[in-house]
file work-v2.tsv (TSV, N, CA and C atoms)
chain	number	residue	atom	x	y	z
A	1	MET	N	-47.41	-74.22	-17.85
A	1	MET	CA	-47.93	-75.55	-17.63
A	1	MET	C	-48.66	-75.56	-16.29
A	2	GLU	N	-49.90	-75.29	-16.31
A	2	GLU	CA	-50.69	-75.19	-15.10
A	2	GLU	C	-50.79	-76.52	-14.36
A	3	ASN	N	-50.46	-76.49	-13.08
A	3	ASN	CA	-50.54	-77.66	-12.20
A	3	ASN	C	-49.72	-78.85	-12.67
A	4	LYS	N	-48.70	-78.62	-13.42
A	4	LYS	CA	-47.84	-79.72	-13.88
A	4	LYS	C	-46.75	-79.96	-12.85
A	5	CYS	N	-46.40	-81.24	-12.71
A	5	CYS	CA	-45.39	-81.64	-11.75
A	5	CYS	C	-44.30	-82.43	-12.47
A	6	ILE	N	-43.07	-82.22	-12.04
A	6	ILE	CA	-41.94	-82.97	-12.58
A	6	ILE	C	-41.11	-83.51	-11.42
A	7	VAL	N	-40.62	-84.73	-11.59
A	7	VAL	CA	-39.72	-85.34	-10.61
A	7	VAL	C	-38.32	-85.37	-11.21
A	8	LEU	N	-37.34	-84.89	-10.47
A	8	LEU	CA	-35.94	-84.93	-10.87
A	8	LEU	C	-35.24	-85.94	-9.99
A	9	ALA	N	-34.56	-86.90	-10.59
A	9	ALA	CA	-33.88	-87.94	-9.81
A	9	ALA	C	-32.43	-88.04	-10.23
A	10	ASP	N	-31.53	-87.72	-9.31
A	10	ASP	CA	-30.10	-87.76	-9.59
A	10	ASP	C	-29.36	-87.88	-8.26
A	11	LYS	N	-28.24	-88.59	-8.27
A	11	LYS	CA	-27.44	-88.74	-7.05
A	11	LYS	C	-26.64	-87.48	-6.73
A	12	HIS	N	-26.49	-86.61	-7.70
A	12	HIS	CA	-25.65	-85.42	-7.54
A	12	HIS	C	-26.51	-84.20	-7.22
A	13	GLN	N	-26.33	-83.65	-6.04
A	13	GLN	CA	-27.12	-82.51	-5.58
A	13	GLN	C	-26.98	-81.30	-6.50
A	14	ASN	N	-25.78	-81.07	-7.04
A	14	ASN	CA	-25.59	-79.91	-7.91
A	14	ASN	C	-26.40	-80.04	-9.20
A	15	ILE	N	-26.54	-81.25	-9.72
A	15	ILE	CA	-27.36	-81.47	-10.92
A	15	ILE	C	-28.83	-81.22	-10.58
A	16	LEU	N	-29.28	-81.76	-9.46
A	16	LEU	CA	-30.67	-81.54	-9.03
A	16	LEU	C	-30.97	-80.06	-8.88
A	17	GLU	N	-30.08	-79.34	-8.22
A	17	GLU	CA	-30.31	-77.91	-8.00
A	17	GLU	C	-30.29	-77.12	-9.30
A	18	GLY	N	-29.39	-77.49	-10.22
A	18	GLY	CA	-29.34	-76.82	-11.52
A	18	GLY	C	-30.61	-77.04	-12.33
A	19	LEU	N	-31.06	-78.28	-12.39
A	19	LEU	CA	-32.30	-78.58	-13.12
A	19	LEU	C	-33.49	-77.91	-12.44
A	20	HIS	N	-33.51	-77.93	-11.11
A	20	HIS	CA	-34.59	-77.28	-10.37
A	20	HIS	C	-34.66	-75.80	-10.73
A	21	GLY	N	-33.50	-75.15	-10.76
A	21	GLY	CA	-33.46	-73.73	-11.11
A	21	GLY	C	-33.99	-73.45	-12.51
A	22	LEU	N	-33.71	-74.34	-13.43
A	22	LEU	CA	-34.19	-74.17	-14.81
A	22	LEU	C	-35.69	-74.42	-14.93
A	23	LEU	N	-36.23	-75.31	-14.13
A	23	LEU	CA	-37.61	-75.78	-14.33
A	23	LEU	C	-38.64	-75.21	-13.36
A	24	GLU	N	-38.19	-74.56	-12.29
A	24	GLU	CA	-39.14	-74.12	-11.27
A	24	GLU	C	-40.13	-73.07	-11.77
A	25	SER	N	-39.77	-72.32	-12.81
A	25	SER	CA	-40.70	-71.32	-13.34
A	25	SER	C	-41.67	-71.92	-14.36
A	26	VAL	N	-41.40	-73.15	-14.77
A	26	VAL	CA	-42.23	-73.81	-15.79
A	26	VAL	C	-43.26	-74.74	-15.17
A	27	PHE	N	-42.91	-75.36	-14.05
A	27	PHE	CA	-43.77	-76.36	-13.42
A	27	PHE	C	-44.31	-75.85	-12.09
A	28	ALA	N	-45.53	-76.26	-11.75
A	28	ALA	CA	-46.12	-75.90	-10.47
A	28	ALA	C	-45.37	-76.55	-9.32
A	29	SER	N	-44.82	-77.74	-9.57
A	29	SER	CA	-44.09	-78.47	-8.53
A	29	SER	C	-42.89	-79.17	-9.15
A	30	VAL	N	-41.72	-78.99	-8.53
A	30	VAL	CA	-40.49	-79.67	-8.94
A	30	VAL	C	-40.00	-80.44	-7.72
A	31	VAL	N	-40.00	-81.77	-7.83
A	31	VAL	CA	-39.63	-82.64	-6.71
A	31	VAL	C	-38.25	-83.23	-6.99
A	32	MET	N	-37.33	-83.10	-6.04
A	32	MET	CA	-35.97	-83.62	-6.20
A	32	MET	C	-35.80	-84.90	-5.39
A	33	ILE	N	-35.25	-85.93	-6.05
A	33	ILE	CA	-35.06	-87.25	-5.46
A	33	ILE	C	-33.60	-87.66	-5.63
A	34	ALA	N	-33.01	-88.32	-4.62
A	34	ALA	CA	-31.59	-88.68	-4.70
A	34	ALA	C	-31.32	-90.18	-4.69
A	35	ASP	N	-32.38	-91.02	-4.66
A	35	ASP	CA	-32.13	-92.47	-4.67
A	35	ASP	C	-33.31	-93.20	-5.32
A	36	GLN	N	-33.06	-94.44	-5.75
A	36	GLN	CA	-34.07	-95.20	-6.48
A	36	GLN	C	-35.32	-95.52	-5.66
A	37	PRO	N	-35.20	-95.98	-4.42
A	37	PRO	CA	-36.43	-96.26	-3.65
A	37	PRO	C	-37.33	-95.03	-3.50
A	38	SER	N	-36.72	-93.87	-3.26
A	38	SER	CA	-37.50	-92.64	-3.14
A	38	SER	C	-38.13	-92.25	-4.47
A	39	LEU	N	-37.45	-92.57	-5.56
A	39	LEU	CA	-38.00	-92.28	-6.89
A	39	LEU	C	-39.29	-93.06	-7.11
A	40	VAL	N	-39.25	-94.36	-6.88
A	40	VAL	CA	-40.45	-95.19	-7.08
A	40	VAL	C	-41.58	-94.74	-6.16
A	41	GLU	N	-41.24	-94.43	-4.91
A	41	GLU	CA	-42.25	-93.94	-3.97
A	41	GLU	C	-42.88	-92.64	-4.46
A	42	ALA	N	-42.05	-91.72	-4.95
A	42	ALA	CA	-42.56	-90.43	-5.44
A	42	ALA	C	-43.44	-90.61	-6.67
A	43	LEU	N	-43.02	-91.48	-7.59
A	43	LEU	CA	-43.83	-91.71	-8.79
A	43	LEU	C	-45.19	-92.29	-8.42
A	44	ASN	N	-45.22	-93.19	-7.45
A	44	ASN	CA	-46.48	-93.77	-6.98
A	44	ASN	C	-47.37	-92.74	-6.29
A	45	LYS	N	-46.77	-91.90	-5.48
A	45	LYS	CA	-47.52	-90.98	-4.63
A	45	LYS	C	-47.94	-89.71	-5.38
A	46	ILE	N	-47.03	-89.16	-6.16
A	46	ILE	CA	-47.24	-87.85	-6.77
A	46	ILE	C	-47.92	-87.93	-8.14
A	47	HIS	N	-47.63	-88.97	-8.90
A	47	HIS	CA	-48.12	-89.12	-10.28
A	47	HIS	C	-47.76	-87.89	-11.13
A	48	PRO	N	-46.47	-87.60	-11.25
A	48	PRO	CA	-46.07	-86.42	-12.03
A	48	PRO	C	-46.33	-86.63	-13.52
A	49	GLN	N	-46.36	-85.54	-14.25
A	49	GLN	CA	-46.50	-85.64	-15.70
A	49	GLN	C	-45.17	-86.02	-16.34
A	50	PHE	N	-44.06	-85.61	-15.70
A	50	PHE	CA	-42.73	-85.83	-16.26
A	50	PHE	C	-41.76	-86.29	-15.17
A	51	ALA	N	-40.71	-87.01	-15.61
A	51	ALA	CA	-39.62	-87.38	-14.72
A	51	ALA	C	-38.32	-87.32	-15.50
A	52	ILE	N	-37.31	-86.70	-14.92
A	52	ILE	CA	-35.96	-86.69	-15.49
A	52	ILE	C	-35.11	-87.50	-14.54
A	53	ILE	N	-34.54	-88.60	-15.05
A	53	ILE	CA	-33.86	-89.57	-14.20
A	53	ILE	C	-32.43	-89.79	-14.67
A	54	ASP	N	-31.50	-89.72	-13.73
A	54	ASP	CA	-30.10	-90.03	-13.99
A	54	ASP	C	-29.98	-91.54	-14.18
A	55	LEU	N	-29.45	-91.97	-15.32
A	55	LEU	CA	-29.37	-93.39	-15.64
A	55	LEU	C	-28.66	-94.21	-14.56
A	56	PRO	N	-27.49	-93.80	-14.04
A	56	PRO	CA	-26.83	-94.59	-13.00
A	56	PRO	C	-27.65	-94.75	-11.71
A	57	LEU	N	-28.59	-93.83	-11.46
A	57	LEU	CA	-29.44	-93.93	-10.28
A	57	LEU	C	-30.29	-95.21	-10.32
A	58	LEU	N	-30.52	-95.73	-11.51
A	58	LEU	CA	-31.39	-96.89	-11.67
A	58	LEU	C	-30.72	-98.21	-11.34
A	59	GLY	N	-29.42	-98.18	-11.06
A	59	GLY	CA	-28.74	-99.41	-10.66
A	59	GLY	C	-27.98	-100.07	-11.78
A	60	HIS	N	-27.49	-101.28	-11.52
A	60	HIS	CA	-26.60	-101.95	-12.47
A	60	HIS	C	-27.30	-102.46	-13.72
A	61	VAL	N	-28.60	-102.54	-13.72
A	61	VAL	CA	-29.35	-102.93	-14.92
A	61	VAL	C	-30.23	-101.74	-15.34
A	62	GLU	N	-29.56	-100.63	-15.61
A	62	GLU	CA	-30.23	-99.35	-15.82
A	62	GLU	C	-31.34	-99.38	-16.86
A	63	LEU	N	-31.02	-99.85	-18.07
A	63	LEU	CA	-32.01	-99.81	-19.14
A	63	LEU	C	-33.19	-100.73	-18.85
A	64	ASP	N	-32.92	-101.88	-18.26
A	64	ASP	CA	-34.01	-102.78	-17.88
A	64	ASP	C	-34.91	-102.11	-16.85
A	65	THR	N	-34.32	-101.45	-15.88
A	65	THR	CA	-35.09	-100.75	-14.86
A	65	THR	C	-35.88	-99.60	-15.48
A	66	ALA	N	-35.28	-98.88	-16.42
A	66	ALA	CA	-35.98	-97.78	-17.09
A	66	ALA	C	-37.20	-98.31	-17.84
A	67	CYS	N	-37.05	-99.44	-18.52
A	67	CYS	CA	-38.18	-100.06	-19.23
A	67	CYS	C	-39.28	-100.48	-18.26
A	68	LYS	N	-38.88	-101.03	-17.12
A	68	LYS	CA	-39.87	-101.43	-16.11
A	68	LYS	C	-40.62	-100.21	-15.56
A	69	LEU	N	-39.90	-99.12	-15.34
A	69	LEU	CA	-40.56	-97.89	-14.87
A	69	LEU	C	-41.56	-97.40	-15.90
A	70	HIS	N	-41.17	-97.44	-17.17
A	70	HIS	CA	-42.07	-96.99	-18.24
A	70	HIS	C	-43.33	-97.86	-18.29
A	71	LYS	N	-43.18	-99.16	-18.14
A	71	LYS	CA	-44.34	-100.06	-18.15
A	71	LYS	C	-45.23	-99.84	-16.91
A	72	ARG	N	-44.61	-99.59	-15.78
A	72	ARG	CA	-45.36	-99.40	-14.54
A	72	ARG	C	-46.07	-98.05	-14.48
A	73	PHE	N	-45.45	-97.04	-15.11
A	73	PHE	CA	-46.00	-95.68	-15.10
A	73	PHE	C	-46.13	-95.17	-16.54
A	74	PRO	N	-47.02	-95.74	-17.33
A	74	PRO	CA	-47.09	-95.39	-18.76
A	74	PRO	C	-47.51	-93.95	-19.04
A	75	ASP	N	-48.18	-93.31	-18.09
A	75	ASP	CA	-48.64	-91.93	-18.32
A	75	ASP	C	-47.58	-90.88	-18.01
A	76	ILE	N	-46.48	-91.30	-17.39
A	76	ILE	CA	-45.41	-90.36	-17.06
A	76	ILE	C	-44.40	-90.34	-18.21
A	77	LYS	N	-44.11	-89.15	-18.69
A	77	LYS	CA	-43.08	-89.00	-19.73
A	77	LYS	C	-41.73	-89.00	-19.02
A	78	ILE	N	-40.94	-90.04	-19.31
A	78	ILE	CA	-39.66	-90.24	-18.63
A	78	ILE	C	-38.51	-89.87	-19.55
A	79	PHE	N	-37.65	-88.99	-19.06
A	79	PHE	CA	-36.45	-88.59	-19.77
A	79	PHE	C	-35.26	-89.11	-18.98
A	80	ILE	N	-34.30	-89.70	-19.68
A	80	ILE	CA	-33.13	-90.29	-19.04
A	80	ILE	C	-31.91	-89.42	-19.29
A	81	LEU	N	-31.19	-89.09	-18.24
A	81	LEU	CA	-29.91	-88.37	-18.33
A	81	LEU	C	-28.77	-89.36	-18.16
A	82	SER	N	-27.66	-89.10	-18.82
A	82	SER	CA	-26.48	-89.94	-18.64
A	82	SER	C	-25.23	-89.11	-18.83
A	83	ASP	N	-24.23	-89.39	-18.00
A	83	ASP	CA	-22.94	-88.74	-18.21
A	83	ASP	C	-21.93	-89.74	-18.75
A	84	TYR	N	-22.41	-90.88	-19.22
A	84	TYR	CA	-21.52	-91.86	-19.82
A	84	TYR	C	-20.92	-91.28	-21.10
A	85	ASP	N	-19.64	-91.52	-21.31
A	85	ASP	CA	-19.01	-91.00	-22.52
A	85	ASP	C	-18.87	-92.07	-23.61
A	86	GLU	N	-19.39	-93.26	-23.36
A	86	GLU	CA	-19.37	-94.32	-24.37
A	86	GLU	C	-20.81	-94.71	-24.68
A	87	PRO	N	-21.09	-95.07	-25.94
A	87	PRO	CA	-22.46	-95.48	-26.30
A	87	PRO	C	-22.86	-96.79	-25.65
call {"tool": "encode", "arguments": {"input": "work-v2.tsv", "output": "structure tokens"}}
result
Amino acid sequence: MENKCIVLADKHQNILEGLHGLLESVFASVVMIADQPSLVEALNKIHPQFAIIDLPLLGHVELDTACKLHKRFPDIKIFILSDYDEP
């Protein structure tokens, strides 16, 4: 994926590092983010092709926030991670 960028957003450093290790050979740039304000700033500044976001990072209205991110950044393919064990 030539010149492709991905943003990884998770509160857990070990998850970020694991995903980074898996994706660094596939993407030209892998950006790790640990909080919601930095996530929005990075999406605005970097304009990545992809973002993998930890659902709890989005706050207490996670799905609403995810929908707002999708509307604000329609060209970014957003993937949501969750460690919730209930649907």
call {"tool": "residues_around", "arguments": {"input": "work-v2.tsv", "residues": "segment 37-39 of chain A", "least_positions_apart": "5", "cutoff": "8 Å", "atoms": "all atoms listed in the file", "output": "list in words"}}
result
Leu8, Ala9, Met32, Asn44, Lys45 and Leu57 of chain A
call {"tool": "closest_residue", "arguments": {"input": "work-v2.tsv", "among": "A:Leu19, A:Glu62, A:Lys68, A:Ile53", "to": "Leu81 of chain A", "atoms": "only C-alpha atoms"}}
result
A:Ile53
call {"tool": "closest_residue", "arguments": {"input": "work-v2.tsv", "among": "A:Cys67, A:Ala51, A:Cys5, A:Leu58", "to": "Ala28 of chain A", "atoms": "only C-alpha atoms"}}
result
A:Cys5
call {"tool": "select_by_dssp", "arguments": {"input": "work-v2.tsv", "residues": "chain A", "states": "alpha helix (DSSP H)", "output": "VMD selection string"}}
result
chain A and resid 13 to 23 36 to 46 62 to 72
call {"tool": "atom_distance", "arguments": {"input": "work-v2.tsv", "atom1": "atom N of Asp64 of chain A", "atom2": "atom C of Leu43 of chain A"}}
result
18.4 Å
call {"tool": "closest_residue", "arguments": {"input": "work-v2.tsv", "among": "A:Ile78, A:Leu69, A:Val31, A:Leu55", "to": "Ile6 of chain A", "atoms": "all atoms listed in the file"}}
result
A:Val31
call {"tool": "closest_residue", "arguments": {"input": "work-v2.tsv", "among": "A:Lys11, A:His70, A:Lys4, A:Lys77", "to": "Leu23 of chain A", "atoms": "only C-alpha atoms"}}
result
A:Lys4
call {"tool": "select_by_dssp", "arguments": {"input": "work-v2.tsv", "residues": "segment 9-83 of chain A", "states": "strand (DSSP E)", "output": "list in words"}}
result
Ala9, Ser29, Val30, Val31, Met32, Ile33, Phe50, Ala51, Ile52, Ile53, Asp54, Lys77, Ile78, Phe79, Ile80 and Leu81 of chain A
call {"tool": "atom_distance", "arguments": {"input": "work-v2.tsv", "atom1": "atom C of His12 of chain A", "atom2": "atom N of Ile52 of chain A"}}
result
13.5 Å
call {"tool": "atom_distance", "arguments": {"input": "work-v2.tsv", "atom1": "atom N of Asp10 of chain A", "atom2": "atom N of Ser29 of chain A"}}
result
16.6 Å
call {"tool": "residues_near_point", "arguments": {"input": "work-v2.tsv", "point": "(-48.6, -94.6, -12.2)", "cutoff": "7 Å", "atoms": "all atoms listed in the file", "output": "NGL selection string"}}
result
:A and (43-44 or 47 or 72-76)
